[in-house]
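A short worksheet on the structure shown next.
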Amino acid sequence: MITIVTASTADIAAIRRIAHQTWPETFGAILSAEQIAYMLDWMYASQALEAQMTTGGHQFFLAMDGEEPVGFVSCQPDYKDTPTIKVHKLYILPDQQGKGVGRLLLEKVAGVAKKQGNTTLSLNVNRYNKAVAFYEKTGFSVAGQENIDIGNGFLMEDYIMEKPL
């Protein structure tokens, strides 16, 4: 049975572990090993995660299979002072994908959004990521696309996907 719990700075090691186990499989065919390492160092450094949790307005939730964290999501209500909740990160361990864990995490985010009075869920996803189909199945549609220069010669080529609540 999967449960969703609020994560804190005490859970940073678990979040980092899930990201490091998930990213090579998720992005290995679409990004270079160098870009994956760069992005993991940039986005999942302990200090970066702590700042997101404590001063960045991000809320993190863990999907737990018993006592074992198997996935996580981070979101930011009232993104850019709009009635939108932004999903910044959503990753599930590869051996747990396809079991409804991602859907449960998105339902948690939708619940947070409704409590905050947010009317839209928004996220960015790499245009070549298989997760695009998952998001479409859960009610998201492509609202636009953007290329984001993240430094070191790397580019994020994303769809912006949205789902009305």
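By order of appearance in the structure tokens: chains A, B, ..., then residues from 1 within every chain, and ligands from 1 in the order shown.
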Close residues, range 77-90 of chain A itself excluded, 9 Å, only C-alpha atoms, min 6 positions apart in chain, as a list of chain:residue names: A:Gly57, A:His58, A:Gln59, A:Phe60, A:Gly71, A:Gly102, A:Leu105, A:Leu106, A:Val109, A:Ala110, A:Val112, A:Ala113, A:Gln116, A:Gly117, A:Asn118, A:Thr119, A:Thr120, A:Leu121, A:Ser122, A:Leu123, A:Asn124
Would you mind listing, for every residue of range 32-90 of chain A within 12 Å of range 149-160 of chain A, the two atoms forming the shortest contact and the distance between them in Å to one decimal, using only C-alpha atoms, sorted by chain and ascending residue number, as a Markdown table?
| residue | atom | partner | partner_atom | distance |
| --- | --- | --- | --- | --- |
| A:Ser32 | CA | A:Phe154 | CA | 9.6 |
| A:Ala33 | CA | A:Phe154 | CA | 11.6 |
| A:Glu34 | CA | A:Phe154 | CA | 9.3 |
| A:Gln35 | CA | A:Phe154 | CA | 6.6 |
| A:Ile36 | CA | A:Phe154 | CA | 9.9 |
| A:Ala37 | CA | A:Phe154 | CA | 11.4 |
| A:Tyr38 | CA | A:Asn152 | CA | 8.3 |
| A:Met39 | CA | A:Ile150 | CA | 8.5 |
| A:Trp42 | CA | A:Ile150 | CA | 9.4 |
| A:Met43 | CA | A:Ile150 | CA | 10.7 |
| A:Lys86 | CA | A:Ile160 | CA | 10.4 |
| A:Val87 | CA | A:Ile160 | CA | 10.8 |
| A:His88 | CA | A:Ile160 | CA | 11.4 |
Find the residues near Val101 in chain A: any atom within 12 Å, counting only C-alpha atoms, skip ones fewer than 5 places away on the same chain, and give them as a PyMOL selection string. chain A and resi 1-4+61-65+69-73+90-96+106-108+134
Range 116-162 of chain A: residues DSSP assigns to strand (DSSP E), reported as a PyMOL selection string: chain A and resi 120-126+141-151+154-162
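The closest residue to Asp11 in chain A, picked from A:Glu136, A:Glu146, A:Glu68, A:Glu25 and counting only C-alpha atoms, is A:Glu68.
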Taking only C-alpha atoms into account, name the residue in A:Thr26, A:Arg127, A:Pro164, A:Lys115 that is nearest to Gly139 in chain A.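 Smallest distance to Gly139 in chain A is found for A:Pro164.
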